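Asks: Please read through the structure below; I'll follow up with questions.
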Amino acid sequence: QVQVAESGGGLVQAGGSLRLSCAASGSIFRIDAMGWYRQAPGKQRELVAGITSGGTTNYADSVKGRFTISRDNAKNTVYLQMNSLKPEDTAVYYCNARSGIYTWWGQGTQVTVSS
C-alpha cells in the first residue's frame with residue numbers, strides 16, 4: 001500500500017509565493033516519476049509540472065518561469081515552488097506518484113490566490 005500526502009496550500013495574494021510538498025510512503029520499491037496536477041472548479045484536472053527520478057522536468061506553459069518542481073529521491077518527496085501567483089492559479093493541487101504501471105494520488109491541497 002502506498003500513501004501520497006500533500007501539504008503547503010493556503011491563501012495568498014496575487015504576486016505572492018507558496019511552496020507545496022508531497023511525500024509518498026509505504027511499500028515502495030521505486031518511484032519513477034512524481035508530478036503536480038490541479039483542478040479548478042468546473043474545469044478538468046491538468047498537469048502543472050512533473051519530474052522523473054533522473055530529474056527531467058516538464059511544465060505546463062501557463063506556469064513556466066513561475067513554478068519550479070524539485071524532488072528528493074531518498075525521501076520520495078516532491079516540491080512545487082510557486083512564485084508570482086495569479087488568481088487563475090486558484091485550484092486544488094494534487095500530487096501523484098508513478099511506479100511502473102501503478103499510479104497513486106494524494107487527496108489534494110487547496111491553493112487560493114486573491115486579486
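Identifiers for the C-alpha cells are assigned positionally: chains receive A, B, ... in sequence, residues are indexed from 1 per chain, and ligands are indexed from 1 in the order shown.
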If you count only C-alpha atoms, which residues fall within 10 Å of A:Arg30, apart from same-chain ones fewer than 6 positions away, as a PDB file with N, CA and C atoms, in the first residue's frame?

Replies:
```pdb
ATOM      1  N   SER A  53      12.649  10.357 -11.939  1.00  0.00           N
ATOM      2  CA  SER A  53      13.667  10.021 -10.944  1.00  0.00           C
ATOM      3  C   SER A  53      15.040  10.528 -11.376  1.00  0.00           C
ATOM      4  N   ASN A  73      14.788  12.192  -4.002  1.00  0.00           N
ATOM      5  CA  ASN A  73      14.525  10.772  -4.258  1.00  0.00           C
ATOM      6  C   ASN A  73      14.650   9.927  -2.994  1.00  0.00           C
ATOM      7  N   ASN A  76      11.450  10.215  -1.286  1.00  0.00           N
ATOM      8  CA  ASN A  76      10.241  10.085  -2.124  1.00  0.00           C
ATOM      9  C   ASN A  76       9.340  11.302  -1.962  1.00  0.00           C
ATOM     10  N   ARG A  98       4.199   7.718  -9.628  1.00  0.00           N
ATOM     11  CA  ARG A  98       4.045   6.585 -10.557  1.00  0.00           C
ATOM     12  C   ARG A  98       5.223   5.622 -10.408  1.00  0.00           C
ATOM     13  N   SER A  99       4.877   4.340 -10.455  1.00  0.00           N
ATOM     14  CA  SER A  99       5.897   3.299 -10.428  1.00  0.00           C
ATOM     15  C   SER A  99       5.430   2.196 -11.364  1.00  0.00           C
ATOM     16  N   GLY A 100       6.108   2.037 -12.480  1.00  0.00           N
ATOM     17  CA  GLY A 100       5.682   1.060 -13.458  1.00  0.00           C
ATOM     18  C   GLY A 100       4.285   1.385 -13.957  1.00  0.00           C
TER      19      GLY A 100
END
```

Asks: Assign secondary structure with DSSP using the backbone only, and return the residues of chain A in strand (DSSP E or B) as number ranges by chain.

Replies: A: 2-7, 10-13, 18-26, 33-39, 46-52, 57-59, 67-72, 77-82, 91-99, 102-105, 109-114

Asks: Mind listing the helix (DSSP H, G or I) residues of chain A, per DSSP on the backbone, as an MDAnalysis selection string?

Replies: chainID A and resid 61:63 73:75 87:89

Asks: Using C-alpha atoms, can you export the residues from the last selection as a short mmCIF file (atom, residue, chain, number, x, y, z; two decimals), in the first residue's frame?

Replies:
```cif
data_model
loop_
_atom_site.label_atom_id
_atom_site.label_comp_id
_atom_site.auth_asym_id
_atom_site.auth_seq_id
_atom_site.Cartn_x
_atom_site.Cartn_y
_atom_site.Cartn_z
CA ASP A 61 3.03 26.57 -20.50
CA SER A 62 0.93 28.61 -18.09
CA VAL A 63 3.38 28.12 -15.22
CA ASN A 73 14.52 10.77 -4.26
CA ALA A 74 15.81 9.49 -0.92
CA LYS A 75 12.66 10.77 0.77
CA PRO A 87 -5.78 34.40 -9.41
CA GLU A 88 -6.06 31.88 -12.26
CA ASP A 89 -3.71 29.58 -10.33
#
```

Asks: Quick one: everything within 6 Å of stretch 33-48 of chain A, counting only C-alpha atoms, minus sequence neighbours fewer than 3 positions away in the same chain. Send it as a list in words.

Replies: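 Contacts, with the query itself left out: Ile51, Thr52, Ser53, Tyr59, Ala60, Ala91, Val92, Tyr93, Tyr94, Cys95, Asn96, Ala97 and Arg98 of chain A.
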
Asks: Atom CA of A:Val111 and atom CA of A:Leu18 are how many Å apart?

Replies: 8.6 Å

Asks: Could you tell me how far atom CA of A:Ala5 lies from atom CA of A:Asp72, in Å and to one decimal?

Replies: 14.8 Å

Asks: What's around A:Val4 at 9 Å? Count only C-alpha atoms, leave out sequence neighbours fewer than 3 positions away in its own chain, and write the answer as a list in words.

Replies: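 Listing them by chain and then by number gives Cys22, Ala23, Ala24, Ser25, Gly26, Cys95, Asn96, Ala97, Trp104, Trp105, Gly106 and Gln107 of chain A.
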
Asks: What does the file look like for those residues with N, CA and C atoms, as an mmCIF file, in the first residue's frame?

Replies:
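New file again00.cif:
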```
data_model
loop_
_atom_site.group_PDB
_atom_site.id
_atom_site.type_symbol
_atom_site.label_atom_id
_atom_site.label_comp_id
_atom_site.auth_asym_id
_atom_site.auth_seq_id
_atom_site.Cartn_x
_atom_site.Cartn_y
_atom_site.Cartn_z
ATOM 1 N N CYS A 22 4.997 17.125 -1.178
ATOM 2 C CA CYS A 22 4.263 15.873 -1.344
ATOM 3 C C CYS A 22 5.201 14.724 -1.021
ATOM 4 N N ALA A 23 4.764 13.856 -0.136
ATOM 5 C CA ALA A 23 5.571 12.700 0.241
ATOM 6 C C ALA A 23 4.825 11.415 -0.072
ATOM 7 N N ALA A 24 5.525 10.482 -0.685
ATOM 8 C CA ALA A 24 4.986 9.148 -0.936
ATOM 9 C C ALA A 24 5.595 8.198 0.077
ATOM 10 N N SER A 25 4.760 7.379 0.696
ATOM 11 C CA SER A 25 5.255 6.460 1.712
ATOM 12 C C SER A 25 4.551 5.119 1.585
ATOM 13 N N GLY A 26 5.127 4.094 2.218
ATOM 14 C CA GLY A 26 4.526 2.777 2.191
ATOM 15 C C GLY A 26 5.415 1.778 1.484
ATOM 16 N N CYS A 95 -1.024 15.779 -5.979
ATOM 17 C CA CYS A 95 0.262 15.154 -6.258
ATOM 18 C C CYS A 95 0.019 13.729 -6.720
ATOM 19 N N ASN A 96 0.831 13.262 -7.658
ATOM 20 C CA ASN A 96 0.772 11.853 -7.972
ATOM 21 C C ASN A 96 2.157 11.258 -8.069
ATOM 22 N N ALA A 97 2.202 9.969 -7.839
ATOM 23 C CA ALA A 97 3.446 9.215 -7.898
ATOM 24 C C ALA A 97 3.211 8.002 -8.789
ATOM 25 N N TRP A 104 -0.491 6.544 -7.941
ATOM 26 C CA TRP A 104 -1.165 6.883 -6.688
ATOM 27 C C TRP A 104 -1.380 8.390 -6.629
ATOM 28 N N TRP A 105 -2.513 8.786 -6.059
ATOM 29 C CA TRP A 105 -2.871 10.190 -5.940
ATOM 30 C C TRP A 105 -3.037 10.584 -4.481
ATOM 31 N N GLY A 106 -2.686 11.834 -4.203
ATOM 32 C CA GLY A 106 -2.975 12.396 -2.899
ATOM 33 C C GLY A 106 -4.397 12.944 -2.862
ATOM 34 N N GLN A 107 -4.785 13.437 -1.691
ATOM 35 C CA GLN A 107 -6.142 13.957 -1.501
ATOM 36 C C GLN A 107 -6.301 15.373 -2.034
#
```

Asks: Return the single residue from A:Lys86, A:Thr103, A:Gly108, A:Gly54 that is closest to A:Leu11, with distances computed using only C-alpha atoms.

Replies: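 The shortest atom-to-atom distance to A:Leu11 comes from A:Lys86.
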
Asks: So, counting only C-alpha atoms, which residue among A:Phe29, A:Lys64, A:Asn83, A:Thr109 is closest to A:Ser7?

Replies: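 Smallest separation from A:Ser7 among the options: A:Thr109.
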
Asks: Between atom CA of A:Gly16 and atom CA of A:Thr56, what distance in Å does the model show, to one decimal?

Replies: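 Distance between the two atoms: 26.3 Å.
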